[in-house]
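Input: a single structure, listed below in structure tokens.
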Amino acid sequence: MSLTDSDAKIDAREPATSLAAVETPFSRFVADYFESRIATGALAVLVLIICLALLAPLLAPQNPYNLAEVDVLDSRLPPASVGMAGYTYWLGTDGAGRDLLSAILYGLRISLLVGVASCLIATVIGAVIGLTAAYAGGRVENLLMRLVDLQLSLPAILIALILIAMLGKGVDKVIIALVTVQWAYYARTVRGTALAELNKEYVEAARCLGFSHTRIVFKQILPNCLPPLIVVATIQAAHAIALEATLSFLGVGLPRTEPSLGLLISNGFEYMLSGKYWISFIPGVVLLITIMAINLVGDQLRDVLNPRLKR
Amino acid sequence: MTAYLLRRLMQTAVVVMVMSVIVFFGVHVIGDPVWLLVNPQMDQRDIEAAVRALGLDRPIWEQYVYFVRGALQGDLGRSFIFGEPALTVIVQRMPATLELAVAALVMAIVIGIPLGLYAGLKPQHALSKIIMAGSIVGFSLPTFWVGLMLIMVFAVMLGWLPSTGRGPTATYFGITSSAFTLEGLRYLFLPALNLALLKISLVIRLTRAGARESLQQDYIKFARAKGLTHGRIVRVHLLKNILIPVVTVLGLEFGNLIAFSVVTETIFAWPGMGKLLIGAIQTLDRPVIVAHLIIIVLLFVVINLVVDVLYTVLDPRVRVARQTA
Amino acid sequence: MTAAAATARQPTLEVVDLRTHFFTKAGVVKAVDGVSFSIAPGEVLGLVGESGCGKSMTGFSIIGLIDPPGRIVSGAVRFKGRDLAGLAEEELRTLRGNRISMIFQDPMMTLNPVLRIDTQMIETIQAHRDCSRSVALGLARNGLVQMGISSPERRLRCYPHELSGGMRQRVAIAIAFVNEPDLVIADEPTTALDVTIQAQILHQAQQLCRTKGTAMIWITHDLAVVSSLADRVAVMYAGTLVEQGNARDLIRAPLHPYTKGLLGSVPSANRPGERLTQIPGMTPSLLDPKPGCRFRMRCARAAPECNTSPVISMPVPQREVRCWRPLSADQLV
């Protein structure tokens with residue numbers, strides 16, 4: 001470990017070394033994200049699930065809601081059994097003879113659609129409210145934030161139940177309920193980040209330069225609010241999907257014409273005690289994997305975007 | 001300190017008032033339950049009499065005022081379905097729900113904190129990685145599905161524990177609970193575990209995050225420089241700092257537990273408030289819905305207040321801030 | 001020489017060619033790279049240098065609080081004859097807080113905010129000796145009195161945030177001295193405090209050392225502090241010791257160009273109106289350092305021979321310098 005090892009004839013006044021290849025924040029973010037193998041795997045699984053769901057009508061061997069294709073004599077068959085028409089039910093059938101594989105693909109589609117749609121709408125609403133609160137300040141901000149606190153102090157499931165009780169059933173009502181339950185998280189996140197940004201000097205500089213309010217908000221504040229918003233959105237998406245499944249299971253969620261995974265599980269409830277577990281079990285596993293993949297991705301996003309963790 | 005408490009109590013009262021208004025008027029939007037209870041074949045006069053008796057003909061404002069007057073005297077209306085005072089109906093079922101929620105909370109603490117602490121202190125160890133993986137799974141599992149699986153495995157396949165219902169109760173120190181009997185515990189275990197699963201994952205993650213953050217603080221290094229044993233550092237220095245956020249979150253989550261018991265009670269046929277609420281929504285039993293919500297809100301704000309006070313006791317820095325405020 | 005006399009003359013601490021390296025993803029950071037000094041009983045050594053020069057790491061290395069990815073790579077740390085560098089953790093624990101103690105820079109963060117002062121003092125005492133709580137409480141109280149804290153009973157029942165910064169640091173120092181250690185390592189303890197409090201605390205610490213015969217290492221970047229307090233001074237730069245010797249002589253006539261630069265950059269009432277000398281350039285990174293003298297990039301006296309790492313020489317008795325071309329006592333730069 002001697003310091004005199006390589007005694008090359010170095011000029012006593014060395015110039016500073018040049019920087020390594022320039023990296024943008026985005027490329028750095030991508031590189032950081034893929035550092036975790038688990039998160040990369042989760043992302044892959046998630047992409048797969050989304051593809052499966054989107055292409056469900058093309059992929060499913062049977063359309064389980066077309067009564068012509070369903071044979072009630074094939075009901076309650078265990079996985080990998082062969083039906084009356086010589087067709088193999090890889091995941092078994094449910095109480096009405098529907099192919100579980102197809103039912104799950106369609107159900108996945110609906111679960112994801114409802115979950116993601118409500119998440120996106122809630123994000124927009126929450127972001128608008130959060131930005132308004134941060135930018136307007138004063139009484140407006142106080143009022144809005146009190147509302148947010150009130151909303152957040154009540155359990156999601158209770159709010160959802162009451163709303164559904166008041167509005168009735170249906171896909172749109174469920175989405176409204178899910179949006180109502182979520183917007184407050186986004187509003188609070190966006191307001192917090194926006195407040196921090198508003199205090200920074202570049203905003204003051206922009207105001208001095210006479211930039212219009214809209215321009216400041218959209219081009220300068222909003223982009224900085226995106227990272228925490230994305231993290232919250234992923235986690236909330238998982239919650240929304242789980243909540244919708246719970247509501248459907250309890251019988252106050254999506255109607256039978258648009259069966260989500262929750263409803264499939266609920267349908268299988270009655271057959272469980274007689275040992276035909278797969279009708280509830282398999283859709284549940286699919287739901288679990290979906291939620292878990294979203295949570296893992298969200299977790300890694302949060303770790304990568306968090307400046308406070310010593311890395 | 002008392003000034004602060006008084007202010008909080010007033011805030012609480014305001015919140016309850018506001019909630020009662022929202023709930024009452026919101027529920028009236030559901031629709032007219034008259035036709036559920038009154039036979040449409042009846043004579044018009046009898047219908048009117050019935051409507052008047054149930055107070056459904058008055059304008060909403062008046063109904064609300066009567067409601068508040070009655071509420072302050074402890075009368076929250078009469079259940080359309082059960083025919084008994086709504087308050088009685090709910091209070092009868094409250095012990096069962098509280099029992100479940102408390103059992104779940106205890107499980108969450110007893111299982112969650114040690115596991116989370118281990119994962120935070122020895123993050124590189126294989127066991128820690130398993131614990132963290134487990135917590136992610138626990139977090140992602142939908143409660144109702146876990147309930148089904150628990151019943152399937154423990155009741156149907158293994159036959160160790162009963163699948164539904166609540167066990168026999170016993171009374172100690174004036175509290176009647178099924179947790180006091182051995183048989184009762186057998187019935188309590190699975191639903192409590194089901195309810196607790198999400199909270200256990202939450203506690204594990206919170207404790208671990210708290211441990212990791214605290215370990216990097218200077219006072220831990222100083223404690224080591226003083227030559228304290230590892231055990232003492234964890235038990236006294238680390239734990240007290242971690243417990244503060246954990247207790248706060250758990251306290252707030254207790255309200256959530258009570259709300260979420262709706263699902264568990266449905267699956268395990270547990271005779272609590274949650275099951276009552278679902279039934280009330282489906283049958284449009286307005287008084288029960290309203291009474292239920294008011295009670296839940298009340299429970300919530302009381303819990304919030306208790307947690308706030310607890311926070312003051314645990315964190316001396318907050319105590320000073322509150323005294324001077 | 002009798003055995004007793006020999007032990008009496010044995011230095012309290014002997015650091016021999018200490019090297020502490022941190023093995024990070026970016027490379028090896030040589031935080032401490034060849035540091036040697038010794039301290040006699042009751043002596044105060046001022047360890048001086050700018051931020052990032054490795055002086056705090058030296059302190060941590062001595063007390064054994066270097067955590068992964070760092071470790072002591074080579075060298076010896078002989079405390080009263082025993083080499084600490086190779087000791088097991090449990091043995092080190094019995095020494096820490098007991099025979100060797102440390103004071104940190106920011107007392108708000110070093111005292112646990114949710115525990116009372118008496119708890120934090122008593123646990124230090126009870127960790128190293130078997131005594132009852134009331135005995136320990138009495139010792140704690142005495143410790144506070146010695147640091148000049150009034151109404152000690154009341155202060156003991158306080159929480160850290162209820163005390164001022166100076167008071168907290170006095171408590172930290174009291175904790176360090178409460179078990180009557182042989183060596184106290186103080187890592188910039190007065191940097192976060194006002195100048196007036198600084199002076200008081202320096203005085204009190206000095207008193208304690210004199211009365212109890214405790215050796216002390218006072219780590220600081222502030223030469224003014226060191227000039228009044230220390231018996232000997234050691235100057236660190238980029239992980240190595242560049243000069244050490246008697247405090248008064250070193251300050252009056254520095255031999256290393258860096259020490260001279262350091263002294264010249266301190267504003268002093270003795271030379272009003274004079275320009276402050278700046279040492280040009282920046283501290284080199286400790287990450288994979290290049291061979292040769294680490295100061296040569298900023299040294300006005302650098303020459304081709306400085307590309308080889310200088311060895312320690314003693315151009316003047318009782319003074320060590322690591323330089324090929326040290327200043328002489330009467331030389332002007």
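In the structure tokens, chains take the letters A, B, ... in the order shown, each chain's residues start at 1, and ligands count up from 1 in the order shown.
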Determine which residues of range 190-266 of chain C receive a DSSP assignment of strand (DSSP E or B), computed from the backbone, and state them as a PyMOL selection string.
chain C and resi 215-220+232-237+240-246
Sort by chain and increasing residue number a table of all residues of chain B within 9 Å of chain A, each with its closest pair of atoms and their distance in Å to one decimal, counting only C-alpha atoms, and write it as JSON lines.
{"residue": "B:Val15", "atom": "CA", "partner": "A:Leu150", "partner_atom": "CA", "distance": 8.5}
{"residue": "B:Val23", "atom": "CA", "partner": "A:Ile162", "partner_atom": "CA", "distance": 8.9}
{"residue": "B:Gly26", "atom": "CA", "partner": "A:Met166", "partner_atom": "CA", "distance": 7.1}
{"residue": "B:Val27", "atom": "CA", "partner": "A:Met166", "partner_atom": "CA", "distance": 6.4}
{"residue": "B:His28", "atom": "CA", "partner": "A:Met166", "partner_atom": "CA", "distance": 8.3}
{"residue": "B:Val29", "atom": "CA", "partner": "A:Met166", "partner_atom": "CA", "distance": 6.2}
{"residue": "B:Ile30", "atom": "CA", "partner": "A:Met166", "partner_atom": "CA", "distance": 4.7}
{"residue": "B:Gly31", "atom": "CA", "partner": "A:Met166", "partner_atom": "CA", "distance": 8.2}
{"residue": "B:Ile136", "atom": "CA", "partner": "A:Met292", "partner_atom": "CA", "distance": 7.0}
{"residue": "B:Val137", "atom": "CA", "partner": "A:Met292", "partner_atom": "CA", "distance": 6.5}
{"residue": "B:Phe139", "atom": "CA", "partner": "A:Met292", "partner_atom": "CA", "distance": 8.0}
{"residue": "B:Ser140", "atom": "CA", "partner": "A:Met292", "partner_atom": "CA", "distance": 5.1}
{"residue": "B:Leu141", "atom": "CA", "partner": "A:Leu288", "partner_atom": "CA", "distance": 5.6}
{"residue": "B:Pro142", "atom": "CA", "partner": "A:Ala242", "partner_atom": "CA", "distance": 6.0}
{"residue": "B:Thr143", "atom": "CA", "partner": "A:Thr246", "partner_atom": "CA", "distance": 7.9}
{"residue": "B:Phe144", "atom": "CA", "partner": "A:Thr246", "partner_atom": "CA", "distance": 6.7}
{"residue": "B:Trp145", "atom": "CA", "partner": "A:Gly284", "partner_atom": "CA", "distance": 6.3}
{"residue": "B:Val146", "atom": "CA", "partner": "A:Gly284", "partner_atom": "CA", "distance": 8.7}
{"residue": "B:Leu148", "atom": "CA", "partner": "A:Phe269", "partner_atom": "CA", "distance": 7.5}
{"residue": "B:Met149", "atom": "CA", "partner": "A:Phe281", "partner_atom": "CA", "distance": 7.4}
{"residue": "B:Ile151", "atom": "CA", "partner": "A:Leu273", "partner_atom": "CA", "distance": 8.5}
{"residue": "B:Met152", "atom": "CA", "partner": "A:Met272", "partner_atom": "CA", "distance": 6.9}
{"residue": "B:Ala155", "atom": "CA", "partner": "A:Leu273", "partner_atom": "CA", "distance": 8.9}
{"residue": "B:Val156", "atom": "CA", "partner": "A:Leu273", "partner_atom": "CA", "distance": 6.4}
{"residue": "B:Met157", "atom": "CA", "partner": "A:Gly275", "partner_atom": "CA", "distance": 8.2}
{"residue": "B:Glu213", "atom": "CA", "partner": "A:Leu309", "partner_atom": "CA", "distance": 8.8}
{"residue": "B:Leu252", "atom": "CA", "partner": "A:Ser153", "partner_atom": "CA", "distance": 8.1}
{"residue": "B:Glu253", "atom": "CA", "partner": "A:Pro155", "partner_atom": "CA", "distance": 8.8}
{"residue": "B:Gly255", "atom": "CA", "partner": "A:Pro155", "partner_atom": "CA", "distance": 7.5}
{"residue": "B:Asn256", "atom": "CA", "partner": "A:Pro155", "partner_atom": "CA", "distance": 5.3}
{"residue": "B:Leu257", "atom": "CA", "partner": "A:Pro155", "partner_atom": "CA", "distance": 8.7}
{"residue": "B:Ala259", "atom": "CA", "partner": "A:Leu158", "partner_atom": "CA", "distance": 6.3}
{"residue": "B:Phe260", "atom": "CA", "partner": "A:Ile157", "partner_atom": "CA", "distance": 6.8}
{"residue": "B:Val262", "atom": "CA", "partner": "A:Ile157", "partner_atom": "CA", "distance": 8.8}
{"residue": "B:Val263", "atom": "CA", "partner": "A:Leu250", "partner_atom": "CA", "distance": 7.3}
{"residue": "B:Thr266", "atom": "CA", "partner": "A:Leu250", "partner_atom": "CA", "distance": 7.9}
{"residue": "B:Ile278", "atom": "CA", "partner": "A:Leu161", "partner_atom": "CA", "distance": 8.2}
{"residue": "B:Ile281", "atom": "CA", "partner": "A:Ala165", "partner_atom": "CA", "distance": 5.9}
{"residue": "B:Gln282", "atom": "CA", "partner": "A:Ala165", "partner_atom": "CA", "distance": 7.6}
{"residue": "B:Leu284", "atom": "CA", "partner": "A:Ala165", "partner_atom": "CA", "distance": 8.2}
{"residue": "B:Ile289", "atom": "CA", "partner": "A:Ile162", "partner_atom": "CA", "distance": 8.8}
{"residue": "B:Leu293", "atom": "CA", "partner": "A:Leu158", "partner_atom": "CA", "distance": 8.7}
{"residue": "B:Val297", "atom": "CA", "partner": "A:Leu154", "partner_atom": "CA", "distance": 8.0}
{"residue": "B:Phe300", "atom": "CA", "partner": "A:Leu154", "partner_atom": "CA", "distance": 7.9}
{"residue": "B:Val301", "atom": "CA", "partner": "A:Ser153", "partner_atom": "CA", "distance": 9.0}
Please identify every residue of chain C that has at least one atom no more than 10 Å from any atom of chain A, counting only C-alpha atoms, and report them as JSON, numbers by chain.
{"C": [19, 33, 34, 73, 74, 289, 290, 291, 292, 293, 296, 297, 298, 299, 302, 303, 304, 305, 306, 307, 308, 309, 310]}
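Interface residues on chain C toward chain B (cut-off 7 Å, only C-alpha atoms): Arg93, Thr94, Leu95, Arg96, Gly97, Ser101, Met102, Met109, Thr110, Leu111, Asn112, Val114, Thr124, Ala127 and His161 of chain C.
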Expected file contents, prior selection, N, CA and C atoms, as a compact mmCIF listing (two decimals), in the first residue's frame:
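Result file again-v4.txt:
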# COMPACT_ATOMS: atom_id res chain seq x y z
N ARG C 93 -16.08 -2.43 23.84
CA ARG C 93 -17.23 -1.83 24.51
C ARG C 93 -16.91 -1.53 25.97
N THR C 94 -16.16 -2.43 26.62
CA THR C 94 -15.88 -2.17 28.03
C THR C 94 -14.96 -0.97 28.20
N LEU C 95 -14.18 -0.67 27.15
CA LEU C 95 -13.30 0.49 27.25
C LEU C 95 -14.02 1.79 26.95
N ARG C 96 -14.96 1.74 26.00
CA ARG C 96 -15.64 2.94 25.57
C ARG C 96 -16.52 3.53 26.64
N GLY C 97 -16.47 4.80 26.81
CA GLY C 97 -17.28 5.45 27.82
C GLY C 97 -16.69 5.28 29.21
N SER C 101 -13.32 7.96 26.15
CA SER C 101 -14.66 8.43 25.77
C SER C 101 -14.55 9.49 24.69
N MET C 102 -15.70 9.77 24.09
CA MET C 102 -15.71 10.67 22.94
C MET C 102 -16.82 11.70 23.07
N MET C 109 -28.07 16.29 18.40
CA MET C 109 -28.27 15.00 17.80
C MET C 109 -27.57 13.89 18.58
N THR C 110 -26.63 14.23 19.47
CA THR C 110 -25.96 13.13 20.16
C THR C 110 -26.69 12.73 21.42
N LEU C 111 -27.48 13.65 21.97
CA LEU C 111 -28.30 13.25 23.09
C LEU C 111 -29.64 12.79 22.54
N ASN C 112 -30.10 11.64 23.01
CA ASN C 112 -31.36 11.10 22.52
C ASN C 112 -32.52 12.00 22.94
N VAL C 114 -35.65 11.75 23.22
CA VAL C 114 -36.81 11.31 23.99
C VAL C 114 -36.45 10.75 25.35
N THR C 124 -24.64 5.51 31.39
CA THR C 124 -23.20 5.46 31.11
C THR C 124 -22.45 4.91 32.32
N ALA C 127 -23.31 1.16 33.00
CA ALA C 127 -22.86 0.22 31.98
C ALA C 127 -21.47 -0.31 32.32
N HIS C 161 -34.04 18.94 24.62
CA HIS C 161 -34.48 20.14 23.92
C HIS C 161 -34.81 21.27 24.87
Could you give me, as a ChimeraX atom specification, the residues within 10 Å of Ile49 in chain A, counting only C-alpha atoms and dropping anything in the same chain fewer than 6 positions from it?
/A:43,55,105,108-109,112,286,289-290,293
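The interatomic distance for the pair CA of Val247 in chain B and CA of Gln151 in chain A works out to 21.4 Å.
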List the spatial neighbours of Glu265 in chain B as JSON, numbers by chain - criterion: any atom at most 9 Å away, only C-alpha atoms, same-chain residues fewer than 3 positions off excluded.
{"B": [97, 165, 191, 260, 261, 262, 268, 269, 270, 271, 272, 273, 274, 275]}
Filtering to all heavy atoms, could you give me those residues as a CSV table (one decimal), in the first residue's frame?
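selection31.csv written:
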chain,number,residue,atom,x,y,z
B,97,THR,N,-67.6,-6.6,17.5
B,97,THR,CA,-66.7,-6.0,16.6
B,97,THR,C,-65.5,-5.4,17.3
B,97,THR,O,-64.4,-5.6,16.8
B,97,THR,CB,-67.4,-4.8,15.9
B,97,THR,OG1,-68.6,-5.3,15.2
B,97,THR,CG2,-66.5,-4.1,14.9
B,165,GLY,N,-68.8,-18.0,12.8
B,165,GLY,CA,-69.5,-17.8,14.1
B,165,GLY,C,-68.5,-17.3,15.2
B,165,GLY,O,-67.3,-17.3,15.0
B,191,PRO,N,-60.7,-15.1,12.2
B,191,PRO,CA,-61.1,-13.8,11.8
B,191,PRO,C,-60.1,-12.7,12.3
B,191,PRO,O,-59.9,-11.7,11.5
B,191,PRO,CB,-62.5,-13.6,12.5
B,191,PRO,CG,-62.8,-14.8,13.2
B,191,PRO,CD,-61.7,-15.8,13.0
B,260,PHE,N,-63.1,-1.9,8.5
B,260,PHE,CA,-62.8,-3.0,7.6
B,260,PHE,C,-63.3,-4.3,8.1
B,260,PHE,O,-63.4,-5.3,7.4
B,260,PHE,CB,-61.3,-3.2,7.4
B,260,PHE,CG,-60.9,-3.5,6.0
B,260,PHE,CD1,-60.9,-2.4,5.0
B,260,PHE,CD2,-60.7,-4.7,5.6
B,260,PHE,CE1,-60.6,-2.7,3.7
B,260,PHE,CE2,-60.4,-5.0,4.2
B,260,PHE,CZ,-60.3,-4.0,3.3
B,261,SER,N,-63.8,-4.4,9.3
B,261,SER,CA,-64.3,-5.6,9.9
B,261,SER,C,-65.5,-6.0,9.1
B,261,SER,O,-66.0,-7.2,9.2
B,261,SER,CB,-64.6,-5.5,11.4
B,261,SER,OG,-65.7,-4.5,11.5
B,262,VAL,N,-66.1,-5.1,8.3
B,262,VAL,CA,-67.3,-5.4,7.5
B,262,VAL,C,-67.0,-6.7,6.7
B,262,VAL,O,-67.8,-7.6,6.7
B,262,VAL,CB,-67.6,-4.2,6.5
B,262,VAL,CG1,-68.6,-4.6,5.6
B,262,VAL,CG2,-68.0,-3.0,7.3
B,268,PHE,N,-66.8,-14.6,7.9
B,268,PHE,CA,-66.8,-15.5,9.0
B,268,PHE,C,-68.1,-15.5,9.8
B,268,PHE,O,-68.2,-16.1,10.8
B,268,PHE,CB,-65.7,-15.2,10.0
B,268,PHE,CG,-64.3,-15.5,9.4
B,268,PHE,CD1,-63.6,-14.6,8.7
B,268,PHE,CD2,-63.8,-16.7,9.7
B,268,PHE,CE1,-62.4,-14.9,8.2
B,268,PHE,CE2,-62.5,-17.0,9.2
B,268,PHE,CZ,-61.8,-16.1,8.4
B,269,ALA,N,-69.1,-14.8,9.2
B,269,ALA,CA,-70.4,-14.8,9.9
B,269,ALA,C,-70.3,-14.3,11.3
B,269,ALA,O,-70.9,-14.9,12.2
B,269,ALA,CB,-71.2,-16.1,9.8
B,270,TRP,N,-69.4,-13.3,11.5
B,270,TRP,CA,-69.2,-12.8,12.9
B,270,TRP,C,-70.3,-11.8,13.2
B,270,TRP,O,-70.5,-10.8,12.5
B,270,TRP,CB,-67.8,-12.2,12.9
B,270,TRP,CG,-67.3,-11.8,14.3
B,270,TRP,CD1,-67.5,-10.6,14.9
B,270,TRP,CD2,-66.7,-12.7,15.2
B,270,TRP,NE1,-66.9,-10.6,16.1
B,270,TRP,CE2,-66.4,-11.9,16.4
B,270,TRP,CE3,-66.2,-14.0,15.2
B,270,TRP,CZ2,-65.7,-12.4,17.5
B,270,TRP,CZ3,-65.6,-14.5,16.3
B,270,TRP,CH2,-65.3,-13.7,17.4
B,271,PRO,N,-71.0,-12.0,14.3
B,271,PRO,CA,-72.2,-11.1,14.6
B,271,PRO,C,-71.8,-9.7,15.1
B,271,PRO,O,-72.0,-9.4,16.3
B,271,PRO,CB,-72.9,-11.9,15.7
B,271,PRO,CG,-71.8,-12.6,16.4
B,271,PRO,CD,-70.8,-13.0,15.4
B,272,GLY,N,-71.2,-8.9,14.2
B,272,GLY,CA,-70.8,-7.6,14.7
B,272,GLY,C,-71.5,-6.5,13.9
B,272,GLY,O,-72.5,-6.7,13.2
B,273,MET,N,-71.0,-5.2,14.1
B,273,MET,CA,-71.6,-4.1,13.5
B,273,MET,C,-71.5,-4.1,12.0
B,273,MET,O,-72.4,-3.6,11.3
B,273,MET,CB,-70.9,-2.8,14.1
B,273,MET,CG,-71.3,-2.4,15.4
B,273,MET,SD,-70.2,-1.3,16.2
B,273,MET,CE,-69.9,-0.1,14.9
B,274,GLY,N,-70.4,-4.6,11.5
B,274,GLY,CA,-70.1,-4.5,10.1
B,274,GLY,C,-71.2,-5.2,9.3
B,274,GLY,O,-71.7,-4.7,8.3
B,275,LYS,N,-71.5,-6.5,9.7
B,275,LYS,CA,-72.5,-7.2,9.0
B,275,LYS,C,-73.8,-6.5,9.1
B,275,LYS,O,-74.6,-6.5,8.1
B,275,LYS,CB,-72.7,-8.6,9.7
B,275,LYS,CG,-73.2,-9.7,8.8
B,275,LYS,CD,-72.5,-11.0,9.2
B,275,LYS,CE,-73.5,-11.9,9.9
B,275,LYS,NZ,-74.7,-12.2,9.2
What separates CA of Ala199 in chain C and CA of Leu229 in chain C is a distance of 9.9 Å
Give me every alpha helix (DSSP H) residue in range 115-186 of chain B, going by DSSP on the backbone, as an NGL selection string.
:B and (115-121 or 126-140 or 143-150 or 182-186)
Contacts of Met145 in chain A at 10 Å or less, counting only C-alpha atoms, minus same-chain residues fewer than 3 places along, as a PDB file with N, CA and C atoms, in the first residue's frame?
ATOM      1  N   ILE A 129     -56.935  20.117  -7.693  1.00  0.00           N
ATOM      2  CA  ILE A 129     -57.273  20.688  -6.386  1.00  0.00           C
ATOM      3  C   ILE A 129     -56.017  21.021  -5.596  1.00  0.00           C
ATOM      4  N   GLY A 130     -55.033  20.119  -5.645  1.00  0.00           N
ATOM      5  CA  GLY A 130     -53.801  20.363  -4.914  1.00  0.00           C
ATOM      6  C   GLY A 130     -53.085  21.596  -5.419  1.00  0.00           C
ATOM      7  N   ALA A 133     -54.952  24.713  -4.389  1.00  0.00           N
ATOM      8  CA  ALA A 133     -54.746  25.013  -2.974  1.00  0.00           C
ATOM      9  C   ALA A 133     -53.388  25.653  -2.763  1.00  0.00           C
ATOM     10  N   ALA A 134     -52.359  25.068  -3.377  1.00  0.00           N
ATOM     11  CA  ALA A 134     -51.012  25.584  -3.154  1.00  0.00           C
ATOM     12  C   ALA A 134     -50.862  26.975  -3.734  1.00  0.00           C
ATOM     13  N   ARG A 139     -57.421  31.362   2.619  1.00  0.00           N
ATOM     14  CA  ARG A 139     -58.642  30.679   3.050  1.00  0.00           C
ATOM     15  C   ARG A 139     -58.987  29.520   2.127  1.00  0.00           C
ATOM     16  N   VAL A 140     -58.781  29.748   0.817  1.00  0.00           N
ATOM     17  CA  VAL A 140     -59.099  28.682  -0.131  1.00  0.00           C
ATOM     18  C   VAL A 140     -58.299  27.430   0.217  1.00  0.00           C
ATOM     19  N   GLU A 141     -57.016  27.645   0.427  1.00  0.00           N
ATOM     20  CA  GLU A 141     -56.165  26.497   0.719  1.00  0.00           C
ATOM     21  C   GLU A 141     -56.615  25.808   2.005  1.00  0.00           C
ATOM     22  N   ASN A 142     -56.908  26.618   3.017  1.00  0.00           N
ATOM     23  CA  ASN A 142     -57.358  26.058   4.290  1.00  0.00           C
ATOM     24  C   ASN A 142     -58.580  25.189   4.132  1.00  0.00           C
ATOM     25  N   VAL A 148     -59.704  17.716   2.571  1.00  0.00           N
ATOM     26  CA  VAL A 148     -58.810  16.575   2.335  1.00  0.00           C
ATOM     27  C   VAL A 148     -58.597  15.794   3.620  1.00  0.00           C
ATOM     28  N   ASP A 149     -58.323  16.506   4.712  1.00  0.00           N
ATOM     29  CA  ASP A 149     -58.097  15.819   5.982  1.00  0.00           C
ATOM     30  C   ASP A 149     -59.308  15.012   6.402  1.00  0.00           C
ATOM     31  N   LEU A 150     -60.488  15.634   6.253  1.00  0.00           N
ATOM     32  CA  LEU A 150     -61.723  14.939   6.622  1.00  0.00           C
ATOM     33  C   LEU A 150     -61.849  13.652   5.822  1.00  0.00           C
ATOM     34  N   GLN A 151     -61.619  13.798   4.532  1.00  0.00           N
ATOM     35  CA  GLN A 151     -61.735  12.647   3.636  1.00  0.00           C
ATOM     36  C   GLN A 151     -60.769  11.554   4.036  1.00  0.00           C
ATOM     37  N   ALA A 184     -58.177  12.536  -2.535  1.00  0.00           N
ATOM     38  CA  ALA A 184     -57.550  13.284  -1.447  1.00  0.00           C
ATOM     39  C   ALA A 184     -56.055  12.997  -1.336  1.00  0.00           C
ATOM     40  N   ALA A 187     -54.381  15.060  -3.960  1.00  0.00           N
ATOM     41  CA  ALA A 187     -54.443  16.488  -3.639  1.00  0.00           C
ATOM     42  C   ALA A 187     -53.384  16.841  -2.603  1.00  0.00           C
ATOM     43  N   ARG A 188     -53.281  16.006  -1.584  1.00  0.00           N
ATOM     44  CA  ARG A 188     -52.327  16.318  -0.526  1.00  0.00           C
ATOM     45  C   ARG A 188     -50.891  16.257  -1.033  1.00  0.00           C
ATOM     46  N   ARG A 191     -50.204  19.208  -3.408  1.00  0.00           N
ATOM     47  CA  ARG A 191     -50.115  20.480  -2.685  1.00  0.00           C
ATOM     48  C   ARG A 191     -48.780  20.590  -1.971  1.00  0.00           C
TER      49      ARG A 191
END
Skip Ile100 in chain C itself and residues of its chain fewer than 5 positions away, then list as number ranges by chain all residues within 12 Å of it, counting only C-alpha atoms.
B: 224-227; C: 12-13, 59-60, 62-64, 79-80, 84, 92-95, 128, 175-186, 214-217
Residues near Ile303 in chain B, anyone? I mean within 7 Å using only C-alpha atoms, not counting same-chain ones fewer than 4 positions away, as JSON, numbers by chain.
{"B": [251, 299, 307]}
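Straight-line separation from CA of Leu305 in chain B to CA of Ala101 in chain B: 18.2 Å.
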